[in-house]
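Q: Sharing structure_13.cif below, mmCIF, C-alpha atoms and all ligand atoms:
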data_model
#
loop_
_atom_site.group_PDB
_atom_site.id
_atom_site.type_symbol
_atom_site.label_atom_id
_atom_site.label_comp_id
_atom_site.auth_asym_id
_atom_site.auth_seq_id
_atom_site.Cartn_x
_atom_site.Cartn_y
_atom_site.Cartn_z
ATOM 1 C CA MET A 13 13.623 5.827 -11.640
ATOM 2 C CA ILE A 14 11.375 5.568 -8.587
ATOM 3 C CA LYS A 15 13.460 3.843 -5.974
ATOM 4 C CA LYS A 16 11.601 4.407 -2.722
ATOM 5 C CA CYS A 17 8.301 3.137 -1.483
ATOM 6 C CA LEU A 18 6.646 4.511 1.646
ATOM 7 C CA PHE A 19 4.426 2.268 3.769
ATOM 8 C CA PRO A 20 2.273 4.216 6.228
ATOM 9 C CA ALA A 21 1.645 1.570 8.852
ATOM 10 C CA ALA A 22 0.961 3.488 12.030
ATOM 11 C CA GLY A 23 -2.854 3.258 12.061
ATOM 12 C CA TYR A 24 -4.743 1.523 14.855
ATOM 13 C CA GLY A 25 -6.629 -0.926 12.626
ATOM 14 C CA THR A 26 -9.767 -0.536 14.732
ATOM 15 C CA ARG A 27 -11.959 -2.376 12.220
ATOM 16 C CA PHE A 28 -10.055 -5.533 13.023
ATOM 17 C CA LEU A 29 -10.101 -5.431 16.821
ATOM 18 C CA PRO A 30 -9.397 -7.427 18.896
ATOM 19 C CA ALA A 31 -6.865 -9.026 16.471
ATOM 20 C CA THR A 32 -5.079 -5.690 16.082
ATOM 21 C CA LYS A 33 -4.971 -4.823 19.777
ATOM 22 C CA SER A 34 -1.309 -5.733 20.051
ATOM 23 C CA MET A 35 -0.524 -6.924 16.506
ATOM 24 C CA PRO A 36 -0.085 -4.513 13.588
ATOM 25 C CA LYS A 37 -2.774 -4.905 10.939
ATOM 26 C CA GLU A 38 0.000 -5.062 8.332
ATOM 27 C CA MET A 39 1.315 -8.284 9.920
ATOM 28 C CA MET A 40 -1.963 -10.158 9.541
ATOM 29 C CA PRO A 41 -1.302 -13.141 7.270
ATOM 30 C CA ILE A 42 -3.005 -13.773 3.967
ATOM 31 C CA VAL A 43 -2.474 -17.545 3.854
ATOM 32 C CA ASN A 44 1.148 -17.771 5.116
ATOM 33 C CA LYS A 45 2.519 -14.304 4.348
ATOM 34 C CA PRO A 46 1.891 -11.030 6.172
ATOM 35 C CA LEU A 47 0.089 -8.304 4.243
ATOM 36 C CA ILE A 48 3.097 -6.000 4.219
ATOM 37 C CA GLU A 49 5.237 -8.651 2.515
ATOM 38 C CA TYR A 50 2.856 -8.657 -0.458
ATOM 39 C CA GLY A 51 3.230 -4.867 -0.651
ATOM 40 C CA VAL A 52 7.024 -5.047 -0.479
ATOM 41 C CA GLU A 53 7.063 -7.694 -3.233
ATOM 42 C CA GLU A 54 4.944 -5.413 -5.414
ATOM 43 C CA ALA A 55 7.397 -2.533 -4.858
ATOM 44 C CA ILE A 56 10.410 -4.724 -5.660
ATOM 45 C CA GLU A 57 8.711 -5.924 -8.847
ATOM 46 C CA ALA A 58 8.281 -2.250 -9.811
ATOM 47 C CA GLY A 59 12.058 -1.708 -9.487
ATOM 48 C CA MET A 60 12.182 -0.173 -6.004
ATOM 49 C CA ASN A 61 14.727 -1.049 -3.353
ATOM 50 C CA GLY A 62 14.167 1.478 -0.554
ATOM 51 C CA MET A 63 11.314 0.463 1.712
ATOM 52 C CA CYS A 64 10.444 3.308 4.089
ATOM 53 C CA ILE A 65 8.061 2.248 6.806
ATOM 54 C CA VAL A 66 6.132 4.644 9.036
ATOM 55 C CA THR A 67 5.424 2.780 12.244
ATOM 56 C CA GLY A 68 3.714 3.565 15.519
ATOM 57 C CA ARG A 69 3.566 2.172 19.029
ATOM 58 C CA GLY A 70 3.453 -1.621 19.279
ATOM 59 C CA LYS A 71 4.717 -2.273 15.768
ATOM 60 C CA HIS A 72 7.983 -4.049 16.627
ATOM 61 C CA SER A 73 7.002 -7.200 14.765
ATOM 62 C CA LEU A 74 7.134 -5.218 11.505
ATOM 63 C CA THR A 75 10.781 -4.349 12.043
ATOM 64 C CA ASP A 76 11.594 -7.882 13.170
ATOM 65 C CA HIS A 77 9.960 -9.395 10.097
ATOM 66 C CA PHE A 78 12.413 -7.684 7.756
ATOM 67 C CA ASP A 79 15.461 -8.717 9.759
ATOM 68 C CA LYS A 80 17.320 -11.965 10.330
ATOM 69 C CA ASN A 81 16.139 -14.284 13.086
ATOM 70 C CA TYR A 82 19.367 -16.135 13.874
ATOM 71 C CA GLU A 83 17.866 -18.450 16.475
ATOM 72 C CA LEU A 84 15.046 -19.653 14.202
ATOM 73 C CA GLU A 85 17.339 -19.952 11.192
ATOM 74 C CA HIS A 86 19.791 -22.004 13.215
ATOM 75 C CA GLN A 87 16.960 -24.280 14.422
ATOM 76 C CA ILE A 88 15.667 -25.102 10.941
ATOM 77 C CA SER A 89 19.014 -25.052 9.161
ATOM 78 C CA GLY A 90 19.509 -28.226 7.108
ATOM 79 C CA THR A 91 15.811 -29.236 7.316
ATOM 80 C CA ASN A 92 13.223 -28.982 4.534
ATOM 81 C CA LYS A 93 11.603 -26.098 6.432
ATOM 82 C CA GLU A 94 14.434 -23.841 5.244
ATOM 83 C CA ASP A 95 12.560 -23.511 1.951
ATOM 84 C CA LEU A 96 9.843 -21.574 3.756
ATOM 85 C CA LEU A 97 12.254 -18.744 4.458
ATOM 86 C CA VAL A 98 13.696 -18.415 0.947
ATOM 87 C CA ASN A 99 11.275 -15.704 -0.134
ATOM 88 C CA ILE A 100 11.684 -13.443 2.884
ATOM 89 C CA ARG A 101 15.474 -13.904 2.818
ATOM 90 C CA ASP A 102 15.539 -12.775 -0.815
ATOM 91 C CA ILE A 103 13.476 -9.729 0.079
ATOM 92 C CA ILE A 104 15.764 -8.790 2.961
ATOM 93 C CA ASP A 105 18.797 -9.134 0.694
ATOM 94 C CA SER A 106 17.375 -7.137 -2.186
ATOM 95 C CA ALA A 107 15.964 -4.100 -0.372
ATOM 96 C CA ASN A 108 16.880 -1.599 2.352
ATOM 97 C CA PHE A 109 14.402 -1.076 5.144
ATOM 98 C CA THR A 110 14.228 2.175 7.057
ATOM 99 C CA TYR A 111 11.744 3.140 9.757
ATOM 100 C CA ILE A 112 10.351 6.254 11.326
ATOM 101 C CA ARG A 113 7.775 6.577 14.020
ATOM 102 C CA GLN A 114 4.606 8.636 13.740
ATOM 103 C CA ARG A 115 4.087 9.756 17.309
ATOM 104 C CA GLU A 116 0.500 10.934 16.963
ATOM 105 C CA MET A 117 -2.047 9.399 14.598
ATOM 106 C CA LYS A 118 -3.045 12.543 12.738
ATOM 107 C CA GLY A 119 -4.117 10.877 9.510
ATOM 108 C CA LEU A 120 -2.677 9.462 6.298
ATOM 109 C CA GLY A 121 -1.445 12.858 5.062
ATOM 110 C CA HIS A 122 0.450 13.341 8.305
ATOM 111 C CA ALA A 123 1.872 9.793 8.124
ATOM 112 C CA ILE A 124 3.194 10.538 4.626
ATOM 113 C CA LEU A 125 4.715 13.811 5.824
ATOM 114 C CA THR A 126 6.376 11.896 8.678
ATOM 115 C CA GLY A 127 8.079 9.739 6.023
ATOM 116 C CA ARG A 128 9.719 12.789 4.402
ATOM 117 C CA GLU A 129 12.995 12.233 6.300
ATOM 118 C CA LEU A 130 13.273 8.757 4.793
ATOM 119 C CA VAL A 131 12.152 9.637 1.273
ATOM 120 C CA GLY A 132 14.041 12.901 0.700
ATOM 121 C CA ASP A 133 13.548 15.058 -2.368
ATOM 122 C CA GLU A 134 12.554 12.526 -5.009
ATOM 123 C CA PRO A 135 9.372 11.017 -6.448
ATOM 124 C CA PHE A 136 8.207 8.009 -4.469
ATOM 125 C CA ALA A 137 5.489 5.397 -4.253
ATOM 126 C CA VAL A 138 3.062 4.870 -1.382
ATOM 127 C CA VAL A 139 1.526 1.499 -0.518
ATOM 128 C CA LEU A 140 -1.226 1.015 2.047
ATOM 129 C CA ALA A 141 -0.511 -2.606 2.789
ATOM 130 C CA ASP A 142 -4.058 -3.397 3.923
ATOM 131 C CA ASP A 143 -5.160 -2.839 0.325
ATOM 132 C CA LEU A 144 -3.917 -6.042 -1.258
ATOM 133 C CA CYS A 145 -3.544 -5.730 -5.035
ATOM 134 C CA VAL A 146 -3.030 -8.783 -7.203
ATOM 135 C CA ASN A 147 -2.309 -8.946 -10.898
ATOM 136 C CA PRO A 148 -0.248 -11.882 -12.158
ATOM 137 C CA ASP A 149 0.951 -10.135 -15.366
ATOM 138 C CA GLN A 150 2.105 -6.810 -13.943
ATOM 139 C CA GLY A 151 1.722 -5.476 -10.412
ATOM 140 C CA VAL A 152 -0.234 -2.266 -9.872
ATOM 141 C CA LEU A 153 2.853 -0.245 -8.828
ATOM 142 C CA SER A 154 4.669 -1.413 -11.946
ATOM 143 C CA GLN A 155 1.766 -0.214 -14.088
ATOM 144 C CA MET A 156 1.888 3.155 -12.305
ATOM 145 C CA VAL A 157 5.669 3.540 -12.675
ATOM 146 C CA ALA A 158 5.296 3.048 -16.439
ATOM 147 C CA LEU A 159 2.757 5.902 -16.451
ATOM 148 C CA TYR A 160 4.978 8.088 -14.277
ATOM 149 C CA LYS A 161 7.795 7.715 -16.820
ATOM 150 C CA GLN A 162 5.465 9.166 -19.416
ATOM 151 C CA PHE A 163 3.677 11.919 -17.442
ATOM 152 C CA ARG A 164 6.035 12.830 -14.540
ATOM 153 C CA CYS A 165 3.347 13.855 -12.078
ATOM 154 C CA SER A 166 1.536 12.396 -9.073
ATOM 155 C CA ILE A 167 -0.727 9.444 -9.846
ATOM 156 C CA VAL A 168 -3.408 7.840 -7.670
ATOM 157 C CA ALA A 169 -4.844 4.394 -8.311
ATOM 158 C CA VAL A 170 -8.637 4.325 -8.552
ATOM 159 C CA GLN A 171 -11.314 1.687 -8.772
ATOM 160 C CA GLU A 172 -15.014 1.876 -9.600
ATOM 161 C CA VAL A 173 -16.953 1.003 -6.469
ATOM 162 C CA PRO A 174 -20.701 0.524 -5.946
ATOM 163 C CA ARG A 175 -22.502 3.840 -5.283
ATOM 164 C CA GLU A 176 -23.477 2.733 -1.778
ATOM 165 C CA ASP A 177 -19.787 2.337 -0.835
ATOM 166 C CA VAL A 178 -18.434 5.587 -2.316
ATOM 167 C CA HIS A 179 -18.765 7.488 0.984
ATOM 168 C CA LYS A 180 -16.039 5.273 2.528
ATOM 169 C CA TYR A 181 -13.323 6.510 0.140
ATOM 170 C CA GLY A 182 -11.527 9.504 -1.300
ATOM 171 C CA VAL A 183 -13.265 10.055 -4.634
ATOM 172 C CA ILE A 184 -12.069 11.810 -7.793
ATOM 173 C CA SER A 185 -13.618 13.370 -10.822
ATOM 174 C CA GLY A 186 -11.782 14.352 -13.968
ATOM 175 C CA GLU A 187 -11.459 14.268 -17.698
ATOM 176 C CA MET A 188 -10.520 10.950 -19.273
ATOM 177 C CA ILE A 189 -7.330 11.573 -21.262
ATOM 178 C CA LYS A 190 -6.915 8.025 -22.457
ATOM 179 C CA ASP A 191 -8.187 4.564 -21.621
ATOM 180 C CA ASP A 192 -8.331 4.168 -17.830
ATOM 181 C CA LEU A 193 -6.486 7.461 -17.203
ATOM 182 C CA TYR A 194 -8.065 10.666 -15.876
ATOM 183 C CA ARG A 195 -6.734 14.137 -15.239
ATOM 184 C CA VAL A 196 -8.093 14.961 -11.801
ATOM 185 C CA ASP A 197 -10.104 18.173 -11.403
ATOM 186 C CA ASP A 198 -11.822 17.384 -8.120
ATOM 187 C CA MET A 199 -11.196 15.124 -5.172
ATOM 188 C CA VAL A 200 -13.312 14.688 -2.047
ATOM 189 C CA GLU A 201 -12.519 12.636 1.036
ATOM 190 C CA LYS A 202 -15.435 10.440 2.146
ATOM 191 C CA PRO A 203 -18.191 12.467 0.419
ATOM 192 C CA GLU A 204 -21.628 12.733 1.995
ATOM 193 C CA LYS A 205 -24.148 10.431 0.343
ATOM 194 C CA GLY A 206 -25.657 12.169 -2.674
ATOM 195 C CA THR A 207 -22.697 14.535 -3.183
ATOM 196 C CA GLU A 208 -20.217 12.040 -4.692
ATOM 197 C CA PRO A 209 -18.398 13.500 -7.728
ATOM 198 C CA SER A 210 -18.171 9.987 -9.274
ATOM 199 C CA ASN A 211 -17.807 6.358 -8.222
ATOM 200 C CA LEU A 212 -14.049 6.352 -8.840
ATOM 201 C CA ALA A 213 -12.548 5.638 -5.428
ATOM 202 C CA ILE A 214 -8.876 6.120 -4.521
ATOM 203 C CA ILE A 215 -7.269 2.926 -3.251
ATOM 204 C CA GLY A 216 -3.968 2.393 -1.466
ATOM 205 C CA ARG A 217 -1.441 2.949 -4.256
ATOM 206 C CA TYR A 218 0.072 6.336 -5.079
ATOM 207 C CA ILE A 219 3.042 7.807 -6.867
ATOM 208 C CA LEU A 220 3.818 11.226 -5.459
ATOM 209 C CA THR A 221 6.183 13.967 -6.511
ATOM 210 C CA PRO A 222 8.129 15.448 -3.574
ATOM 211 C CA ASP A 223 6.409 18.870 -3.703
ATOM 212 C CA ILE A 224 3.523 17.045 -2.005
ATOM 213 C CA PHE A 225 5.352 17.411 1.332
ATOM 214 C CA GLU A 226 5.067 21.228 1.337
ATOM 215 C CA LEU A 227 1.437 20.935 0.304
ATOM 216 C CA ILE A 228 0.713 18.571 3.204
ATOM 217 C CA GLU A 229 2.458 20.982 5.566
ATOM 218 C CA GLN A 230 0.029 23.679 4.421
ATOM 219 C CA THR A 231 -2.991 21.390 4.808
ATOM 220 C CA GLU A 232 -5.298 21.898 7.786
ATOM 221 C CA PRO A 233 -7.011 18.889 9.381
ATOM 222 C CA GLY A 234 -10.021 17.899 7.249
ATOM 223 C CA LYS A 235 -12.538 15.014 7.404
ATOM 224 C CA GLY A 236 -12.493 13.332 10.808
ATOM 225 C CA GLY A 237 -10.047 15.957 12.130
ATOM 226 C CA GLU A 238 -7.217 14.176 10.249
ATOM 227 C CA ILE A 239 -4.688 15.607 7.803
ATOM 228 C CA GLN A 240 -5.945 14.110 4.577
ATOM 229 C CA ILE A 241 -3.686 13.284 1.631
ATOM 230 C CA THR A 242 -6.656 13.919 -0.689
ATOM 231 C CA ASP A 243 -6.774 17.589 0.407
ATOM 232 C CA ALA A 244 -3.070 18.041 -0.404
ATOM 233 C CA LEU A 245 -3.468 16.192 -3.703
ATOM 234 C CA LEU A 246 -6.363 18.426 -4.708
ATOM 235 C CA LYS A 247 -4.083 21.464 -4.242
ATOM 236 C CA GLN A 248 -1.470 19.718 -6.408
ATOM 237 C CA ALA A 249 -4.099 18.953 -9.051
ATOM 238 C CA LYS A 250 -5.263 22.589 -9.134
ATOM 239 C CA ALA A 251 -1.725 23.976 -9.313
ATOM 240 C CA GLY A 252 -0.379 21.437 -11.812
ATOM 241 C CA CYS A 253 -1.457 17.933 -12.615
ATOM 242 C CA VAL A 254 -2.560 14.782 -10.792
ATOM 243 C CA LEU A 255 -3.615 11.687 -12.697
ATOM 244 C CA ALA A 256 -5.994 8.956 -11.598
ATOM 245 C CA TYR A 257 -5.392 5.510 -13.034
ATOM 246 C CA LYS A 258 -7.968 2.736 -13.172
ATOM 247 C CA PHE A 259 -5.526 -0.101 -12.620
ATOM 248 C CA LYS A 260 -5.624 -3.607 -13.999
ATOM 249 C CA GLY A 261 -5.975 -6.310 -11.367
ATOM 250 C CA LYS A 262 -7.902 -7.209 -8.261
ATOM 251 C CA ARG A 263 -7.901 -5.288 -4.999
ATOM 252 C CA PHE A 264 -9.022 -6.516 -1.611
ATOM 253 C CA ASP A 265 -9.740 -4.237 1.347
ATOM 254 C CA CYS A 266 -8.005 -6.351 3.963
ATOM 255 C CA GLY A 267 -8.694 -3.721 6.623
ATOM 256 C CA SER A 268 -12.257 -5.079 6.694
ATOM 257 C CA VAL A 269 -13.158 -8.590 7.809
ATOM 258 C CA GLU A 270 -15.074 -9.355 4.572
ATOM 259 C CA GLY A 271 -12.215 -8.159 2.319
ATOM 260 C CA TYR A 272 -9.698 -10.101 4.377
ATOM 261 C CA ILE A 273 -11.635 -13.359 4.017
ATOM 262 C CA GLU A 274 -12.103 -12.799 0.270
ATOM 263 C CA ALA A 275 -8.372 -12.118 -0.132
ATOM 264 C CA THR A 276 -7.481 -15.235 1.839
ATOM 265 C CA ASN A 277 -9.712 -17.458 -0.294
ATOM 266 C CA TYR A 278 -8.494 -15.878 -3.532
ATOM 267 C CA CYS A 279 -4.798 -16.063 -2.625
ATOM 268 C CA TYR A 280 -5.056 -19.631 -1.373
ATOM 269 C CA GLU A 281 -6.462 -20.779 -4.753
ATOM 270 C CA ASN A 282 -4.585 -18.467 -7.082
ATOM 271 C CA VAL A 283 -1.284 -17.668 -5.416
ATOM 272 C CA TYR A 284 -0.444 -20.213 -2.724
ATOM 273 C CA LEU A 285 -1.554 -23.433 -4.471
ATOM 274 C CA LYS A 286 0.057 -22.308 -7.744
ATOM 275 C CA SER A 287 3.376 -21.630 -5.993
ATOM 276 C CA GLN A 288 3.199 -25.102 -4.413
ATOM 277 C CA ASP A 289 2.632 -26.633 -7.890
ATOM 278 C CA THR A 290 5.643 -24.753 -9.276
ATOM 279 C CA LYS A 291 7.817 -26.023 -6.405
ATOM 280 C CA THR A 292 6.650 -29.613 -6.954
ATOM 281 C CA ASN A 293 7.327 -29.409 -10.697
ATOM 282 C CA LYS A 294 10.841 -28.083 -10.059
ATOM 283 C CA LYS A 295 11.725 -31.019 -7.788
HETATM 284 P P1 LIG B 301 -7.050 3.509 7.729
HETATM 285 O O1 LIG B 301 -8.015 4.552 7.366
HETATM 286 O O2 LIG B 301 -7.246 2.142 7.174
HETATM 287 O O3 LIG B 301 -6.973 3.488 9.320
HETATM 288 O O4 LIG B 301 -5.607 4.044 7.322
HETATM 289 P P2 LIG B 301 -6.453 2.378 10.289
HETATM 290 O O5 LIG B 301 -6.262 3.029 11.619
HETATM 291 O O6 LIG B 301 -5.262 1.661 9.775
HETATM 292 O O7 LIG B 301 -7.652 1.308 10.326
HETATM 293 P P3 LIG B 301 -9.125 1.424 10.935
HETATM 294 O O8 LIG B 301 -9.923 2.246 9.959
HETATM 295 O O9 LIG B 301 -9.026 2.029 12.307
HETATM 296 O O10 LIG B 301 -9.580 -0.004 10.982
HETATM 297 C C1 LIG B 301 -5.111 3.893 6.025
HETATM 298 C C2 LIG B 301 -3.617 3.646 6.104
HETATM 299 O O11 LIG B 301 -2.942 4.773 6.642
HETATM 300 C C3 LIG B 301 -2.172 4.428 7.769
HETATM 301 C C4 LIG B 301 -2.766 3.110 8.260
HETATM 302 O O12 LIG B 301 -1.772 2.344 8.931
HETATM 303 C C5 LIG B 301 -3.246 2.456 6.968
HETATM 304 O O13 LIG B 301 -2.193 1.791 6.298
HETATM 305 N N1 LIG B 301 -2.248 5.523 8.750
HETATM 306 C C6 LIG B 301 -3.451 6.117 9.013
HETATM 307 C C7 LIG B 301 -1.109 5.951 9.400
HETATM 308 O O14 LIG B 301 -0.004 5.407 9.167
HETATM 309 N N2 LIG B 301 -1.201 6.982 10.286
HETATM 310 C C8 LIG B 301 -2.372 7.596 10.562
HETATM 311 O O15 LIG B 301 -2.386 8.552 11.383
HETATM 312 C C9 LIG B 301 -3.522 7.142 9.908
#
What does this structure look like when you write it as structure tokens?
A:
Amino acid sequence: MIKKCLFPAAGYGTRFLPATKSMPKEMMPIVNKPLIEYGVEEAIEAGMNGMCIVTGRGKHSLTDHFDKNYELEHQISGTNKEDLLVNIRDIIDSANFTYIRQREMKGLGHAILTGRELVGDEPFAVVLADDLCVNPDQGVLSQMVALYKQFRCSIVAVQEVPREDVHKYGVISGEMIKDDLYRVDDMVEKPEKGTEPSNLAIIGRYILTPDIFELIEQTEPGKGGEIQITDALLKQAKAGCVLAYKFKGKRFDCGSVEGYIEATNYCYENVYLKSQDTKTNKK
């Protein structure tokens, strides 16, 4: 039902300088896999096959990652190292990758609008790859697609965060309509301390209906002089319906050094070592 997933990946990643000076933040590895590959896997698990990536200057390695590397493949062909490429080969074979360039970094809302050409007139998912979400039973996008089937409106993923961190996020308030699901009535981007409508922070997973594009077009630059997706979503919520879903699973803010280290430790223990065990048992 939802076939396309948009990955805004044009940001500068300033919190991770100097690592991100010439390398896209989305290519930073968590153990042995770049962040964006985790996001693409989550989208594939949720039934999507169109990966639409919004890139910027200096992001060539993103495009190269989802393409064949004949020289390397020839070099390791017939050796046991070939196994290391099985996963990425499967991904390349099972999805289509399209790219568009955001020429000026005018904010997340603007990056999403830039992806309109690739997405077209259909509901779509958005993944911010630096938010790594892990849930072994069902990925976060999969959980959100199941909700979309029922409610047919835009959905944002939210997480309760400590009060002292709320000002770093877009924050929602709303009426709880069932367990872990809220109908949004207010949304504020990076609220001033003391004015937070709640501690439910929006994280990097969205399902958006295509009318959002017109709403972004009508949105003036907001917080930080950027075109904010939260401002467009608030208009959508007022005119119709936007849901906020407290997802099941863990989320790591890999755009920050602390979150990145936590994600690395967690994935090494719980994802990487387990996949090695499975491989050994198969042999
Ligand atoms: P962030 O707020 O994390 O910004 O953007 P950033 O530039 O990537 O990182 P810092 O804060 O400077 O360290 C959230 C997401 O939106 C994308 C980013 O690539 C990231 O995935 N984005 C942001 C764009 O694609 N274009 C923009 O103009 C802004």
Q: Just so the selection is clear, what residues does the PyMOL selection byres (((chain A and resi 236) around 12) and not hetatm) cover here, as an MDAnalysis selection string?
A: chainID A and resid 117:120 201:203 232:235 237:240
Q: Could you tell me how far atom CA of Pro36 of chain A sits from atom CA of Lys71 of chain A, in Å to one decimal place?
A: 5.7 Å
Q: If you count only C-alpha atoms and all ligand atoms, which residues end up within 10 Å of ligand LIG 301 (chain B), as number ranges by chain?
A: A: 19-29, 32, 36-38, 48, 65-68, 113-124, 126-127, 138-143, 180-181, 215-216, 238-241, 265-269
Q: Within 6 Å of (-3.4, 4.3, -15.9) (file coordinates; all atoms listed in the file), which protein or nucleic acid residues are there? I'd like them as a list in words.
A: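 In the file's frame, the residues around the point are Asp192, Leu193, Tyr257, Lys258 and Phe259 of chain A.
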Q: Counting all atoms listed in the file, which of A:Pro135, A:Gly252, A:Gly186, A:Gly151 gets nearest to Leu212 of chain A?
A: A:Gly186
Q: Out of A:Leu144, A:Met199, A:Ala249, A:Leu285, which residue has the shortest atom-to-atom distance to Leu47 of chain A when counting only C-alpha atoms?
A: A:Leu144
Q: Written as a PDB file with C-alpha atoms, in the frame of the given file, which residues does the PyMOL selection byres (((chain A and resi 194) around 10) and not hetatm) give for the file shown?
A:
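File written: result01.pdb
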ATOM      1  CA  ILE A 167      -0.727   9.444  -9.846  1.00  0.00           C
ATOM      2  CA  VAL A 168      -3.408   7.840  -7.670  1.00  0.00           C
ATOM      3  CA  VAL A 170      -8.637   4.325  -8.552  1.00  0.00           C
ATOM      4  CA  ILE A 184     -12.069  11.810  -7.793  1.00  0.00           C
ATOM      5  CA  SER A 185     -13.618  13.370 -10.822  1.00  0.00           C
ATOM      6  CA  GLY A 186     -11.782  14.352 -13.968  1.00  0.00           C
ATOM      7  CA  GLU A 187     -11.459  14.268 -17.698  1.00  0.00           C
ATOM      8  CA  MET A 188     -10.520  10.950 -19.273  1.00  0.00           C
ATOM      9  CA  ILE A 189      -7.330  11.573 -21.262  1.00  0.00           C
ATOM     10  CA  LYS A 190      -6.915   8.025 -22.457  1.00  0.00           C
ATOM     11  CA  ASP A 191      -8.187   4.564 -21.621  1.00  0.00           C
ATOM     12  CA  ASP A 192      -8.331   4.168 -17.830  1.00  0.00           C
ATOM     13  CA  LEU A 193      -6.486   7.461 -17.203  1.00  0.00           C
ATOM     14  CA  ARG A 195      -6.734  14.137 -15.239  1.00  0.00           C
ATOM     15  CA  VAL A 196      -8.093  14.961 -11.801  1.00  0.00           C
ATOM     16  CA  ASP A 197     -10.104  18.173 -11.403  1.00  0.00           C
ATOM     17  CA  VAL A 254      -2.560  14.782 -10.792  1.00  0.00           C
ATOM     18  CA  LEU A 255      -3.615  11.687 -12.697  1.00  0.00           C
ATOM     19  CA  ALA A 256      -5.994   8.956 -11.598  1.00  0.00           C
ATOM     20  CA  TYR A 257      -5.392   5.510 -13.034  1.00  0.00           C
ATOM     21  CA  LYS A 258      -7.968   2.736 -13.172  1.00  0.00           C
TER      22      LYS A 258
END
Q: Can you spell out as an MDAnalysis selection string the set of residues that the PyMOL selection byres (((chain A and resi 94-108) around 7) and not hetatm) selects in the structure I just provided?
A: chainID A and resid 61:63 78:79 88:93 109:110
Q: Given the choices A:Lys45, A:Lys161, A:Lys16, A:Lys80, which gets closest to Met60 of chain A if the distance is worked out from only C-alpha atoms?
A: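 Between A:Lys45, A:Lys161, A:Lys16, A:Lys80, the residue approaching Met60 of chain A most closely is A:Lys16.
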